[in-house]
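So this one's final15.cif, mmCIF, C-alpha atoms and all ligand atoms:
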```
data_protein
loop_
_atom_site.group_PDB
_atom_site.id
_atom_site.type_symbol
_atom_site.label_atom_id
_atom_site.label_comp_id
_atom_site.auth_asym_id
_atom_site.auth_seq_id
_atom_site.Cartn_x
_atom_site.Cartn_y
_atom_site.Cartn_z
ATOM 1 C CA MET A 1 -14.264 -21.849 -14.462
ATOM 2 C CA GLN A 2 -17.369 -22.132 -12.312
ATOM 3 C CA ASN A 3 -16.889 -21.354 -8.622
ATOM 4 C CA GLN A 4 -16.632 -24.465 -6.486
ATOM 5 C CA PHE A 5 -17.815 -22.721 -3.308
ATOM 6 C CA TYR A 6 -20.724 -20.645 -2.043
ATOM 7 C CA THR A 7 -19.995 -17.089 -3.126
ATOM 8 C CA ILE A 8 -21.700 -13.986 -1.850
ATOM 9 C CA GLY A 9 -22.567 -13.282 -5.504
ATOM 10 C CA THR A 10 -24.617 -16.469 -5.641
ATOM 11 C CA PHE A 11 -26.333 -15.637 -2.358
ATOM 12 C CA LEU A 12 -27.239 -12.134 -3.531
ATOM 13 C CA GLN A 13 -28.499 -13.368 -6.896
ATOM 14 C CA GLU A 14 -30.748 -15.854 -5.089
ATOM 15 C CA ARG A 15 -31.919 -13.299 -2.562
ATOM 16 C CA PHE A 16 -32.637 -10.389 -4.931
ATOM 17 C CA GLY A 17 -33.185 -12.209 -8.227
ATOM 18 C CA VAL A 18 -30.794 -9.824 -10.033
ATOM 19 C CA ARG A 19 -27.094 -9.045 -10.040
ATOM 20 C CA VAL A 20 -26.175 -7.077 -6.903
ATOM 21 C CA VAL A 21 -22.937 -5.095 -6.929
ATOM 22 C CA LYS A 22 -21.114 -3.379 -4.083
ATOM 23 C CA LEU A 23 -20.389 0.346 -4.414
ATOM 24 C CA SER A 24 -17.093 1.113 -2.692
ATOM 25 C CA ILE A 25 -17.613 4.228 -0.576
ATOM 26 C CA ASP A 26 -15.214 6.444 1.326
ATOM 27 C CA GLY A 27 -17.390 7.899 4.085
ATOM 28 C CA GLY A 28 -14.593 10.153 5.314
ATOM 29 C CA PHE A 29 -14.037 8.186 8.514
ATOM 30 C CA THR A 30 -10.712 7.622 10.214
ATOM 31 C CA CYS A 31 -9.591 4.867 12.586
ATOM 32 C CA PRO A 32 -8.688 4.820 16.299
ATOM 33 C CA ASN A 33 -5.578 2.956 15.266
ATOM 34 C CA ARG A 34 -4.506 5.932 13.162
ATOM 35 C CA ASP A 35 -5.724 9.049 14.926
ATOM 36 C CA GLY A 36 -3.781 8.474 18.139
ATOM 37 C CA SER A 37 -6.676 7.101 20.216
ATOM 38 C CA LEU A 38 -5.034 3.682 20.180
ATOM 39 C CA SER A 39 -2.047 4.231 17.924
ATOM 40 C CA TRP A 40 -0.774 6.480 15.166
ATOM 41 C CA GLY A 41 0.595 3.955 12.751
ATOM 42 C CA GLY A 42 -2.395 1.749 11.982
ATOM 43 C CA CYS A 43 -2.234 -1.994 11.427
ATOM 44 C CA SER A 44 1.099 -2.676 9.804
ATOM 45 C CA PHE A 45 -0.389 -3.952 6.513
ATOM 46 C CA CYS A 46 -2.958 -1.156 6.158
ATOM 47 C CA SER A 47 -2.577 1.292 3.308
ATOM 48 C CA PRO A 48 -2.870 5.038 3.960
ATOM 49 C CA HIS A 49 -6.333 4.880 2.336
ATOM 50 C CA GLY A 50 -7.538 2.223 4.785
ATOM 51 C CA SER A 51 -8.465 -0.222 1.994
ATOM 52 C CA GLY A 52 -10.366 2.451 0.123
ATOM 53 C CA GLU A 53 -8.295 2.697 -3.032
ATOM 54 C CA LEU A 54 -11.237 1.678 -5.219
ATOM 55 C CA ALA A 55 -13.736 4.094 -3.694
ATOM 56 C CA SER A 56 -15.434 6.801 -5.746
ATOM 57 C CA SER A 57 -18.714 8.683 -5.677
ATOM 58 C CA ILE A 58 -21.979 6.744 -5.567
ATOM 59 C CA PRO A 59 -23.525 8.362 -8.668
ATOM 60 C CA ASP A 60 -20.352 7.806 -10.697
ATOM 61 C CA GLN A 61 -20.272 4.130 -9.770
ATOM 62 C CA ILE A 62 -23.989 3.633 -10.430
ATOM 63 C CA ARG A 63 -23.693 5.336 -13.821
ATOM 64 C CA LEU A 64 -20.787 3.134 -14.905
ATOM 65 C CA LEU A 65 -22.267 -0.092 -13.553
ATOM 66 C CA SER A 66 -25.720 0.520 -15.001
ATOM 67 C CA GLU A 67 -24.173 0.914 -18.464
ATOM 68 C CA LYS A 68 -22.722 -2.565 -18.098
ATOM 69 C CA TRP A 69 -25.584 -4.230 -16.188
ATOM 70 C CA PRO A 70 -28.769 -2.157 -16.610
ATOM 71 C CA ASP A 71 -30.856 -4.296 -14.248
ATOM 72 C CA SER A 72 -28.390 -4.532 -11.396
ATOM 73 C CA ARG A 73 -28.960 -3.363 -7.818
ATOM 74 C CA TYR A 74 -26.387 -2.044 -5.358
ATOM 75 C CA LEU A 75 -25.091 -2.372 -1.839
ATOM 76 C CA ALA A 76 -23.498 0.758 -0.407
ATOM 77 C CA TYR A 77 -20.202 -0.576 0.941
ATOM 78 C CA PHE A 78 -18.572 1.689 3.510
ATOM 79 C CA GLN A 79 -15.104 0.265 3.095
ATOM 80 C CA CYS A 80 -12.429 2.823 4.026
ATOM 81 C CA HIS A 81 -11.008 2.861 7.531
ATOM 82 C CA THR A 82 -13.446 2.285 10.451
ATOM 83 C CA ASN A 83 -16.990 3.053 9.395
ATOM 84 C CA THR A 84 -18.625 3.181 12.826
ATOM 85 C CA TYR A 85 -15.961 5.437 14.317
ATOM 86 C CA ALA A 86 -17.928 8.687 14.493
ATOM 87 C CA PRO A 87 -20.829 10.156 16.463
ATOM 88 C CA LEU A 88 -24.115 8.389 15.840
ATOM 89 C CA ALA A 89 -25.611 11.430 14.101
ATOM 90 C CA VAL A 90 -22.773 11.342 11.554
ATOM 91 C CA LEU A 91 -23.267 7.630 10.902
ATOM 92 C CA LYS A 92 -26.973 8.163 10.394
ATOM 93 C CA GLU A 93 -26.443 11.018 7.976
ATOM 94 C CA LYS A 94 -23.981 9.065 5.835
ATOM 95 C CA PHE A 95 -25.743 5.702 5.871
ATOM 96 C CA GLU A 96 -29.204 7.155 5.200
ATOM 97 C CA ALA A 97 -27.869 9.287 2.340
ATOM 98 C CA ALA A 98 -26.294 6.219 0.720
ATOM 99 C CA LEU A 99 -29.487 4.206 1.114
ATOM 100 C CA SER A 100 -31.535 6.932 -0.553
ATOM 101 C CA TRP A 101 -29.900 6.476 -3.972
ATOM 102 C CA PRO A 102 -32.141 4.693 -6.517
ATOM 103 C CA GLY A 103 -31.155 1.055 -6.888
ATOM 104 C CA VAL A 104 -29.374 0.815 -3.523
ATOM 105 C CA VAL A 105 -30.951 -2.148 -1.730
ATOM 106 C CA GLY A 106 -28.691 -2.451 1.293
ATOM 107 C CA LEU A 107 -25.630 -1.497 3.245
ATOM 108 C CA VAL A 108 -22.280 -3.042 4.100
ATOM 109 C CA VAL A 109 -20.356 -1.526 7.017
ATOM 110 C CA ALA A 110 -16.706 -2.436 7.564
ATOM 111 C CA THR A 111 -15.431 -1.734 11.046
ATOM 112 C CA ARG A 112 -13.328 -2.760 14.031
ATOM 113 C CA PRO A 113 -14.971 -4.883 16.721
ATOM 114 C CA ASP A 114 -13.982 -2.316 19.369
ATOM 115 C CA CYS A 115 -15.984 0.416 17.620
ATOM 116 C CA LEU A 116 -19.492 -0.912 18.196
ATOM 117 C CA PRO A 117 -20.952 0.820 21.247
ATOM 118 C CA ASP A 118 -24.545 0.047 22.260
ATOM 119 C CA GLU A 119 -26.078 3.094 20.569
ATOM 120 C CA VAL A 120 -24.450 2.106 17.275
ATOM 121 C CA LEU A 121 -25.547 -1.503 17.690
ATOM 122 C CA ASP A 122 -29.100 -0.295 18.341
ATOM 123 C CA TYR A 123 -29.060 1.789 15.164
ATOM 124 C CA LEU A 124 -27.632 -1.091 13.133
ATOM 125 C CA GLU A 125 -30.349 -3.340 14.512
ATOM 126 C CA GLU A 126 -32.991 -0.867 13.399
ATOM 127 C CA LEU A 127 -31.333 -0.554 9.975
ATOM 128 C CA ASN A 128 -31.205 -4.310 9.685
ATOM 129 C CA GLN A 129 -34.973 -4.462 10.078
ATOM 130 C CA ARG A 130 -35.646 -2.139 7.159
ATOM 131 C CA THR A 131 -32.853 -2.885 4.731
ATOM 132 C CA PHE A 132 -30.344 -5.570 3.828
ATOM 133 C CA LEU A 133 -27.213 -5.243 5.971
ATOM 134 C CA TRP A 134 -24.037 -6.931 6.948
ATOM 135 C CA VAL A 135 -21.201 -5.737 9.178
ATOM 136 C CA GLU A 136 -17.620 -6.685 8.321
ATOM 137 C CA LEU A 137 -15.208 -7.193 11.183
ATOM 138 C CA GLY A 138 -11.499 -6.913 10.457
ATOM 139 C CA LEU A 139 -10.033 -9.657 12.620
ATOM 140 C CA GLN A 140 -7.180 -10.911 10.396
ATOM 141 C CA THR A 141 -5.992 -13.512 12.919
ATOM 142 C CA ILE A 142 -7.079 -15.130 16.186
ATOM 143 C CA HIS A 143 -3.486 -15.295 17.442
ATOM 144 C CA GLU A 144 -2.491 -12.606 19.939
ATOM 145 C CA GLY A 145 1.213 -12.793 19.058
ATOM 146 C CA THR A 146 0.453 -11.999 15.433
ATOM 147 C CA ALA A 147 -2.066 -9.336 16.438
ATOM 148 C CA ASP A 148 0.679 -7.634 18.445
ATOM 149 C CA ARG A 149 3.140 -7.880 15.557
ATOM 150 C CA ILE A 150 0.680 -6.196 13.173
ATOM 151 C CA ASN A 151 -0.370 -3.578 15.763
ATOM 152 C CA ARG A 152 -4.068 -4.512 15.637
ATOM 153 C CA CYS A 153 -4.595 -2.997 19.090
ATOM 154 C CA TYR A 154 -7.409 -5.160 20.386
ATOM 155 C CA PRO A 155 -7.441 -8.707 21.803
ATOM 156 C CA LEU A 156 -9.545 -11.624 20.571
ATOM 157 C CA PRO A 157 -12.249 -11.388 23.301
ATOM 158 C CA VAL A 158 -13.227 -7.995 21.845
ATOM 159 C CA TYR A 159 -14.040 -9.740 18.561
ATOM 160 C CA ASP A 160 -15.953 -12.432 20.448
ATOM 161 C CA ASP A 161 -18.074 -9.789 22.191
ATOM 162 C CA ALA A 162 -18.790 -7.955 18.949
ATOM 163 C CA VAL A 163 -19.906 -11.193 17.294
ATOM 164 C CA LYS A 164 -22.146 -11.980 20.253
ATOM 165 C CA ASN A 165 -23.667 -8.485 20.263
ATOM 166 C CA LEU A 166 -24.298 -8.381 16.514
ATOM 167 C CA ALA A 167 -25.649 -11.914 16.345
ATOM 168 C CA SER A 168 -28.031 -11.337 19.254
ATOM 169 C CA ARG A 169 -29.507 -8.472 17.242
ATOM 170 C CA GLY A 170 -29.853 -10.621 14.149
ATOM 171 C CA ILE A 171 -27.229 -8.653 12.213
ATOM 172 C CA ARG A 172 -25.204 -10.529 9.602
ATOM 173 C CA ILE A 173 -21.476 -10.716 10.305
ATOM 174 C CA VAL A 174 -18.663 -11.134 7.808
ATOM 175 C CA THR A 175 -15.216 -11.779 9.233
ATOM 176 C CA HIS A 176 -12.074 -10.699 7.421
ATOM 177 C CA LEU A 177 -8.889 -12.758 7.740
ATOM 178 C CA ILE A 178 -5.462 -12.225 6.193
ATOM 179 C CA PHE A 179 -3.098 -15.083 5.392
ATOM 180 C CA GLY A 180 0.654 -14.660 5.440
ATOM 181 C CA LEU A 181 0.891 -12.200 8.332
ATOM 182 C CA PRO A 182 4.415 -11.925 9.774
ATOM 183 C CA GLY A 183 5.428 -14.942 11.829
ATOM 184 C CA GLU A 184 2.257 -17.007 11.236
ATOM 185 C CA THR A 185 2.358 -20.661 10.273
ATOM 186 C CA ARG A 186 -0.043 -22.314 7.848
ATOM 187 C CA GLU A 187 -1.538 -24.186 10.804
ATOM 188 C CA GLN A 188 -2.240 -20.950 12.651
ATOM 189 C CA MET A 189 -3.949 -19.455 9.595
ATOM 190 C CA LEU A 190 -6.228 -22.481 9.329
ATOM 191 C CA GLN A 191 -6.939 -22.286 13.065
ATOM 192 C CA SER A 192 -8.250 -18.768 12.496
ATOM 193 C CA VAL A 193 -10.581 -20.089 9.781
ATOM 194 C CA ASP A 194 -11.874 -22.849 12.063
ATOM 195 C CA TYR A 195 -12.382 -20.457 14.943
ATOM 196 C CA VAL A 196 -14.406 -17.846 13.090
ATOM 197 C CA CYS A 197 -16.463 -20.476 11.231
ATOM 198 C CA ASP A 198 -17.409 -21.954 14.587
ATOM 199 C CA GLY A 199 -19.215 -18.695 15.375
ATOM 200 C CA PRO A 200 -22.535 -17.342 14.043
ATOM 201 C CA ILE A 201 -21.085 -15.631 10.987
ATOM 202 C CA PHE A 202 -22.854 -15.024 7.709
ATOM 203 C CA GLY A 203 -19.694 -14.798 5.656
ATOM 204 C CA ILE A 204 -15.930 -14.891 5.533
ATOM 205 C CA LYS A 205 -13.372 -13.113 3.397
ATOM 206 C CA PHE A 206 -9.702 -13.861 3.241
ATOM 207 C CA HIS A 207 -6.733 -13.153 1.077
ATOM 208 C CA MET A 208 -2.969 -13.156 1.094
ATOM 209 C CA LEU A 209 -1.207 -10.259 2.779
ATOM 210 C CA ASN A 210 -0.406 -7.729 0.112
ATOM 211 C CA LEU A 211 2.528 -5.492 0.908
ATOM 212 C CA VAL A 212 1.375 -2.048 -0.214
ATOM 213 C CA ARG A 213 3.210 1.194 -0.647
ATOM 214 C CA GLY A 214 2.841 3.530 2.318
ATOM 215 C CA SER A 215 2.029 0.811 4.861
ATOM 216 C CA ALA A 216 4.031 0.527 8.078
ATOM 217 C CA LEU A 217 5.166 -2.954 7.063
ATOM 218 C CA ALA A 218 6.513 -1.683 3.763
ATOM 219 C CA GLU A 219 8.496 0.951 5.657
ATOM 220 C CA THR A 220 9.995 -1.467 8.164
ATOM 221 C CA VAL A 221 10.339 -4.683 6.136
ATOM 222 C CA PRO A 222 10.344 -3.544 2.505
ATOM 223 C CA ASP A 223 11.271 -6.990 1.184
ATOM 224 C CA TYR A 224 8.477 -8.837 3.020
ATOM 225 C CA VAL A 225 6.702 -11.433 0.886
ATOM 226 C CA SER A 226 3.693 -13.248 2.354
ATOM 227 C CA PHE A 227 3.765 -16.165 -0.128
ATOM 228 C CA GLN A 228 6.768 -16.878 -2.292
ATOM 229 C CA ASN A 229 4.681 -18.367 -5.075
ATOM 230 C CA MET A 230 1.082 -18.480 -6.157
ATOM 231 C CA GLU A 231 0.881 -22.242 -5.792
ATOM 232 C CA ASP A 232 1.489 -22.043 -2.040
ATOM 233 C CA TYR A 233 -1.341 -19.584 -1.644
ATOM 234 C CA VAL A 234 -3.694 -21.560 -3.918
ATOM 235 C CA ASP A 235 -3.105 -24.659 -1.837
ATOM 236 C CA LEU A 236 -3.788 -22.842 1.442
ATOM 237 C CA ALA A 237 -6.879 -21.061 0.100
ATOM 238 C CA ALA A 238 -8.359 -24.354 -1.138
ATOM 239 C CA GLU A 239 -7.711 -25.922 2.261
ATOM 240 C CA ALA A 240 -9.336 -22.942 3.976
ATOM 241 C CA ILE A 241 -12.426 -23.156 1.756
ATOM 242 C CA LEU A 242 -12.775 -26.828 2.597
ATOM 243 C CA ARG A 243 -13.086 -25.841 6.256
ATOM 244 C CA VAL A 244 -15.852 -23.287 5.672
ATOM 245 C CA PRO A 245 -19.270 -24.857 6.347
ATOM 246 C CA PRO A 246 -21.508 -24.832 3.250
ATOM 247 C CA GLY A 247 -23.989 -22.275 4.675
ATOM 248 C CA ILE A 248 -21.340 -19.571 5.175
ATOM 249 C CA THR A 249 -20.937 -17.229 2.215
ATOM 250 C CA ILE A 250 -17.439 -16.629 0.881
ATOM 251 C CA HIS A 251 -16.828 -13.003 -0.043
ATOM 252 C CA ARG A 252 -13.289 -12.863 -1.253
ATOM 253 C CA ILE A 253 -10.359 -15.229 -1.659
ATOM 254 C CA THR A 254 -7.801 -13.007 -3.391
ATOM 255 C CA GLY A 255 -6.401 -9.548 -2.813
ATOM 256 C CA ASP A 256 -7.792 -6.416 -4.371
ATOM 257 C CA VAL A 257 -4.938 -3.921 -4.423
ATOM 258 C CA PRO A 258 -4.354 -1.579 -7.368
ATOM 259 C CA ARG A 259 -1.234 -2.685 -9.179
ATOM 260 C CA LYS A 260 0.510 0.639 -8.747
ATOM 261 C CA LEU A 261 0.326 0.260 -4.948
ATOM 262 C CA LEU A 262 1.331 -3.397 -4.810
ATOM 263 C CA ILE A 263 4.879 -4.320 -3.784
ATOM 264 C CA SER A 264 4.470 -8.050 -3.137
ATOM 265 C CA PRO A 265 3.530 -10.763 -3.874
ATOM 266 C CA GLU A 266 4.142 -9.556 -7.412
ATOM 267 C CA TRP A 267 1.644 -12.102 -8.822
ATOM 268 C CA SER A 268 -1.161 -10.997 -6.503
ATOM 269 C CA TYR A 269 -2.839 -8.725 -9.074
ATOM 270 C CA GLN A 270 -3.602 -11.779 -11.254
ATOM 271 C CA LYS A 271 -6.976 -12.253 -9.637
ATOM 272 C CA ARG A 272 -8.565 -14.302 -12.408
ATOM 273 C CA THR A 273 -5.617 -16.709 -12.559
ATOM 274 C CA ILE A 274 -5.592 -17.163 -8.772
ATOM 275 C CA LEU A 275 -9.345 -17.735 -8.644
ATOM 276 C CA ASN A 276 -9.234 -20.241 -11.491
ATOM 277 C CA SER A 277 -6.373 -22.103 -9.865
ATOM 278 C CA ILE A 278 -8.217 -22.335 -6.540
ATOM 279 C CA ASN A 279 -11.368 -23.572 -8.279
ATOM 280 C CA LYS A 280 -9.345 -26.114 -10.215
ATOM 281 C CA ARG A 281 -7.788 -27.360 -6.989
ATOM 282 C CA LEU A 282 -11.207 -27.607 -5.358
ATOM 283 C CA ALA A 283 -12.664 -29.445 -8.348
ATOM 284 C CA GLU A 284 -9.846 -31.988 -8.108
ATOM 285 C CA LYS A 285 -10.551 -32.494 -4.427
ATOM 286 C CA LYS A 286 -14.268 -32.821 -5.147
ATOM 287 C CA LYS A 287 -13.559 -35.453 -7.749
ATOM 288 C CA ASN A 288 -11.436 -37.302 -5.249
ATOM 289 C CA GLY A 289 -14.201 -37.155 -2.640
ATOM 290 C CA GLY A 290 -12.477 -34.643 -0.409
ATOM 291 C CA LEU A 291 -15.039 -31.876 -0.686
ATOM 292 C CA VAL A 292 -18.017 -32.636 1.487
ATOM 293 C CA GLY A 293 -21.124 -30.486 1.188
ATOM 294 C CA TYR A 294 -20.298 -28.512 -1.977
HETATM 295 S S1 LIG T 301 -6.766 -2.207 8.964
HETATM 296 FE FE1 LIG T 301 -8.636 -1.248 9.749
HETATM 297 S S2 LIG T 301 -8.290 -1.116 11.955
HETATM 298 FE FE2 LIG T 301 -6.281 -1.441 11.035
HETATM 299 S S3 LIG T 301 -5.444 0.642 10.720
HETATM 300 FE FE3 LIG T 301 -6.465 0.025 8.819
HETATM 301 S S4 LIG T 301 -8.535 0.878 8.992
HETATM 302 FE FE4 LIG T 301 -7.657 0.838 11.081
#
```

What would you get if you wrote out this structure as structure tokens?
Amino acid sequence: MQNQFYTIGTFLQERFGVRVVKLSIDGGFTCPNRDGSLSWGGCSFCSPHGSGELASSIPDQIRLLSEKWPDSRYLAYFQCHTNTYAPLAVLKEKFEAALSWPGVVGLVVATRPDCLPDEVLDYLEELNQRTFLWVELGLQTIHEGTADRINRCYPLPVYDDAVKNLASRGIRIVTHLIFGLPGETREQMLQSVDYVCDGPIFGIKFHMLNLVRGSALAETVPDYVSFQNMEDYVDLAAEAILRVPPGITIHRITGDVPRKLLISPEWSYQKRTILNSINKRLAEKKKNGGLVGY
């Protein structure tokens, strides 16, 4: 079923005129929430790979993807852990090497908002002037009580400052939220959507909390389930999309965890089914006049 919202895929197709695919890269970084600088355990939902389960080498990914889509271009997506948490010289070496591969037309850098010192912001600003770039900020929630429960280890004003600093340099921002964090109500999740969409963001990504093997949450609450059934999540995701202004790109609305690592929700690996169900729900709302701007 056709997407009923403004996907990043559509944006990239319009911008580059060809299919643009993200290469998932493990740059070998760690995270201040894991190396003892802030904490040892990491955010409670975070897998030991720091969301990098799908990462592999750049040439391997380009070779496989070019067999399937010969004309495609690529964004080097530094996805694992905190990808600005290293000396500037290290960042430069890794980012420039990724950009030098044929077909790579830009960079995506996932990080924490408290890991963007001025010298890194200056470098990102310079990068942004010569290549296509966005920075992903893992916020997950605007609510401090939830942030404490998941051991995020920074307060909301730190996110606000990072957004202000990136936006003032003209750098695109994508904010990452997670629905179904421990103790959060549906209303609180939607408040997070409203809050981040009120800022100068380029994109948003959200998904249900996936309980993964090896995470702190799986150790402490092994039977945790973020959404008891797919329908509950589909309904929330459709409501969240309705609140995203039409100009903001939507990057992800389902989880992306390898099945062997997934504990719950057990239906979460059915990405195509979830996506179709959300689109169907949105199409119904559109038909009923509830979907303004799409
Ligand atoms: S989610 Fe991000 S900030 Fe939290 S522990 Fe994992 S890599 Fe670090």

Hey, could you pull the box centre and edge lengths for segment 218-233 of chain A, axis-aligned, 4 Å padding per side, all listed atoms, to one decimal in Å, as lines of an AutoDock Vina configuration file?
```
center_x = 5.0
center_y = -10.6
center_z = 1.0
size_x = 20.6
size_y = 31.2
size_z = 22.3
```

Expansion of the PyMOL selection byres (((not hetatm)) within 10 of (chain T and resi 301)) into residues, as a PyMOL selection string
chain A and resi 29-35+38-52+79-83+110-115+137-140+150-154+215-216

Given the file shown, determine the residues that the PyMOL selection byres (((chain A and resi 24) around 12) and not hetatm) selects; report them as an NGL selection string.
:A and (21-23 or 25-27 or 51-62 or 74-80 or 98 or 107-110)

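Of the listed residues A:Glu14, A:Gly170, A:Met208, A:Asp71, the one whose atoms come nearest to Asn229 of chain A is A:Met208, with distances taken using all atoms listed in the file.
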
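Using all atoms listed in the file, the shortest contact distance between Arg149 of chain A and any of A:Ala86, A:Val193, A:Leu181, A:Val244 is found at A:Leu181.
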
One decimal, Å: what's the distance from atom CA of Thr254 of chain A over to atom CA of His207 of chain A, could you say?
4.6 Å

Test item: the PyMOL selection byres (((chain A and resi 160) around 12) and not hetatm) resolved as a PDB file with C-alpha atoms, in the coordinates of the input:
```pdb
ATOM      1  CA  ARG A 112     -13.328  -2.760  14.031  1.00  0.00           C
ATOM      2  CA  PRO A 113     -14.971  -4.883  16.721  1.00  0.00           C
ATOM      3  CA  ASP A 114     -13.982  -2.316  19.369  1.00  0.00           C
ATOM      4  CA  LEU A 137     -15.208  -7.193  11.183  1.00  0.00           C
ATOM      5  CA  LEU A 139     -10.033  -9.657  12.620  1.00  0.00           C
ATOM      6  CA  ILE A 142      -7.079 -15.130  16.186  1.00  0.00           C
ATOM      7  CA  TYR A 154      -7.409  -5.160  20.386  1.00  0.00           C
ATOM      8  CA  PRO A 155      -7.441  -8.707  21.803  1.00  0.00           C
ATOM      9  CA  LEU A 156      -9.545 -11.624  20.571  1.00  0.00           C
ATOM     10  CA  PRO A 157     -12.249 -11.388  23.301  1.00  0.00           C
ATOM     11  CA  VAL A 158     -13.227  -7.995  21.845  1.00  0.00           C
ATOM     12  CA  TYR A 159     -14.040  -9.740  18.561  1.00  0.00           C
ATOM     13  CA  ASP A 161     -18.074  -9.789  22.191  1.00  0.00           C
ATOM     14  CA  ALA A 162     -18.790  -7.955  18.949  1.00  0.00           C
ATOM     15  CA  VAL A 163     -19.906 -11.193  17.294  1.00  0.00           C
ATOM     16  CA  LYS A 164     -22.146 -11.980  20.253  1.00  0.00           C
ATOM     17  CA  ASN A 165     -23.667  -8.485  20.263  1.00  0.00           C
ATOM     18  CA  LEU A 166     -24.298  -8.381  16.514  1.00  0.00           C
ATOM     19  CA  ALA A 167     -25.649 -11.914  16.345  1.00  0.00           C
ATOM     20  CA  ILE A 173     -21.476 -10.716  10.305  1.00  0.00           C
ATOM     21  CA  THR A 175     -15.216 -11.779   9.233  1.00  0.00           C
ATOM     22  CA  TYR A 195     -12.382 -20.457  14.943  1.00  0.00           C
ATOM     23  CA  VAL A 196     -14.406 -17.846  13.090  1.00  0.00           C
ATOM     24  CA  ASP A 198     -17.409 -21.954  14.587  1.00  0.00           C
ATOM     25  CA  GLY A 199     -19.215 -18.695  15.375  1.00  0.00           C
ATOM     26  CA  PRO A 200     -22.535 -17.342  14.043  1.00  0.00           C
ATOM     27  CA  ILE A 201     -21.085 -15.631  10.987  1.00  0.00           C
TER      28      ILE A 201
END
```

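Only residues having an atom at most 7 Å from (2.2, 6.0, -5.0) are included; using only C-alpha atoms, these are Arg213, Lys260 and Leu261 of chain A.
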
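Proximity ranking of A:Thr249, A:Ser277, A:Gln188, A:Ser268 relative to Gly9 of chain A places A:Thr249 first, based on only C-alpha atoms.
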
The residue from A:Ser192, A:Gln13, A:Asn210, A:Asn288 with the smallest atom-to-atom distance to Tyr269 of chain A, counting only C-alpha atoms, is A:Asn210
